[in-house]
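Everything on this sheet refers to the single structure shown next.
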Amino acid sequence: MTPPADREQSAPPRAAPPLDSLMPGDPGPEETIARMIRVDQAGEYGAARIYAGQLAVLGRTKAAPALRRMAEQEQRHLDEFNRLMVERRVRPTLLQPFWHVAGFALGAATAMLGEKAAMACTVAIEETIDEHYRRQAERLGAAEPALKETIEEFREDELEHRATAIEHGAQQAPAYAPLTAAIKSASRLAIWLSERL
């Protein structure tokens with residue numbers, strides 16, 4: 001399978017069918033839910049590691065309180081998806097050890113470029129996650145109301161993080177457009193891989 005191309009350069013992807021109207025050949029509802037929980041847990045784990053990397057560099061700066069607040073929310077999201085993995089008997093992605101290192105490295109690297117670059121990283125990640133959670137909620141429809149409610153609640157938190165990052169000067173980061181485009185592309189690839197592996 002070929003991973004999705006960068007959406008800024010291609011047409012929007014075909015919407016996945018809702019759980020109540022799967023077609024022959026589509027993963028069944030149970031596998032679809034397992035993939036959702038797996039990728040969401042991986043994403044929240046990666047986000048927690050990104051903030052850990054940023055705080056390792058910026059932990060004594062004026063950006064630290066905002067970063068800590070966002071990191072605490074991501075940890076709450078991660079705790080919930082960890083709980084759902086146990087409850088639903090979903091295995092974690094095989095790439096978890098890689099996301100452990102890659103998340104921290106991305107956070108530390110963007111923080112080393114400065115506070116605004118760290119916030120630009122947050123904007124890129126949160127815009128990608130907003131799109132991802134929106135598609136998941138649409139796909140769940142009425143089939144999984146509790147999971148859909150969790151995803152929608154967490155999506156609101158992610159949008160709040162994006163707004164916080166913009167308030168902290170994300171869009172004034174050097175090379176904002178190419179930096180955020182690269183992070184979005186990497187995030188979309190991470191989503192695609194974590195759903196499947």
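In the structure tokens, the first chain shown is A, the next is B, and so on; residue numbers restart at 1 for each chain, and ligands run from 1 in the order shown.
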Where does range 61-170 of chain A meet range 37-55 of chain A within 10 Å, residue by residue, with the nearest atom pair and distance in Å to one decimal for each, counting only C-alpha atoms, listed by chain and rising number, as a Markdown table?
| residue | atom | partner | partner_atom | distance |
| --- | --- | --- | --- | --- |
| A:Thr61 | CA | A:Leu55 | CA | 9.1 |
| A:Ala63 | CA | A:Leu55 | CA | 9.0 |
| A:Ala64 | CA | A:Leu55 | CA | 6.6 |
| A:Pro65 | CA | A:Leu55 | CA | 9.6 |
| A:Leu67 | CA | A:Tyr51 | CA | 6.7 |
| A:Arg68 | CA | A:Leu55 | CA | 7.6 |
| A:Arg69 | CA | A:Tyr51 | CA | 10.0 |
| A:Met70 | CA | A:Tyr51 | CA | 7.9 |
| A:Ala71 | CA | A:Tyr51 | CA | 5.7 |
| A:Glu72 | CA | A:Ala48 | CA | 8.3 |
| A:Gln73 | CA | A:Ala48 | CA | 9.0 |
| A:Glu74 | CA | A:Ala48 | CA | 5.8 |
| A:Gln75 | CA | A:Ala48 | CA | 6.1 |
| A:Arg76 | CA | A:Glu44 | CA | 9.0 |
| A:His77 | CA | A:Glu44 | CA | 6.4 |
| A:Leu78 | CA | A:Glu44 | CA | 5.1 |
| A:Asp79 | CA | A:Gln41 | CA | 8.6 |
| A:Glu80 | CA | A:Gln41 | CA | 8.4 |
| A:Phe81 | CA | A:Gln41 | CA | 5.1 |
| A:Asn82 | CA | A:Gln41 | CA | 6.5 |
| A:Arg83 | CA | A:Gln41 | CA | 9.6 |
| A:Leu84 | CA | A:Ile37 | CA | 7.2 |
| A:Met85 | CA | A:Ile37 | CA | 6.7 |
| A:Arg88 | CA | A:Ile37 | CA | 8.8 |
| A:Val90 | CA | A:Arg38 | CA | 6.7 |
| A:Arg91 | CA | A:Arg38 | CA | 6.9 |
| A:Pro92 | CA | A:Arg38 | CA | 5.6 |
| A:Thr93 | CA | A:Arg38 | CA | 6.2 |
| A:Leu94 | CA | A:Ala42 | CA | 9.7 |
| A:Leu95 | CA | A:Ala42 | CA | 8.4 |
| A:Gln96 | CA | A:Ala42 | CA | 6.8 |
| A:Phe98 | CA | A:Gly46 | CA | 9.5 |
| A:Trp99 | CA | A:Gly46 | CA | 5.7 |
| A:His100 | CA | A:Arg49 | CA | 6.3 |
| A:Val101 | CA | A:Arg49 | CA | 7.9 |
| A:Ala102 | CA | A:Gly46 | CA | 7.9 |
| A:Gly103 | CA | A:Ile50 | CA | 4.6 |
| A:Phe104 | CA | A:Gly53 | CA | 4.4 |
| A:Ala105 | CA | A:Gly53 | CA | 6.4 |
| A:Leu106 | CA | A:Ile50 | CA | 6.1 |
| A:Gly107 | CA | A:Ile50 | CA | 4.1 |
| A:Ala108 | CA | A:Gly53 | CA | 4.2 |
| A:Ala109 | CA | A:Gln54 | CA | 7.9 |
| A:Thr110 | CA | A:Gln54 | CA | 7.3 |
| A:Ala111 | CA | A:Gln54 | CA | 5.2 |
| A:Met112 | CA | A:Gln54 | CA | 8.2 |
| A:Gly114 | CA | A:Gln54 | CA | 9.7 |
| A:Glu115 | CA | A:Gln54 | CA | 8.8 |
| A:Ala118 | CA | A:Gln54 | CA | 6.9 |
| A:Met119 | CA | A:Gln54 | CA | 9.5 |
| A:Cys121 | CA | A:Ile50 | CA | 9.0 |
| A:Thr122 | CA | A:Ile50 | CA | 9.0 |
| A:Ile125 | CA | A:Ala47 | CA | 8.2 |
| A:Glu126 | CA | A:Ala47 | CA | 9.5 |
| A:Ile129 | CA | A:Gly43 | CA | 8.3 |
| A:His132 | CA | A:Asp40 | CA | 9.3 |
| A:Tyr133 | CA | A:Asp40 | CA | 8.6 |
| A:Gln136 | CA | A:Asp40 | CA | 10.0 |
| A:Leu147 | CA | A:Ile37 | CA | 9.1 |
| A:Ile151 | CA | A:Asp40 | CA | 9.0 |
Mind listing the helix (DSSP H, G or I) residues of range 45-94 of chain A, per DSSP on the backbone, as a PyMOL selection string? chain A and resi 45-58+64-88
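The residue that comes closest to Ala182 in chain A, out of A:Ala142, A:Ala137, A:Ala120, A:Ala163 and on the basis of only C-alpha atoms, is A:Ala120.
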For Ala143 in chain A, which residue out of A:Ala186, A:Ile191, A:Ala177, A:Ile33 is the nearest one, using only C-alpha atoms?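 Nearest to Ala143 in chain A: A:Ile33.
Coordinates place CA of Ala66 in chain A at a distance of 28.3 Å from CA of Met36 in chain A.
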Separation of CA of Arg135 in chain A and CA of Lys184 in chain A, in Å? 16.1 Å
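Take CA of Glu138 in chain A and CA of Ala181 in chain A: the distance between them is 24.9 Å.
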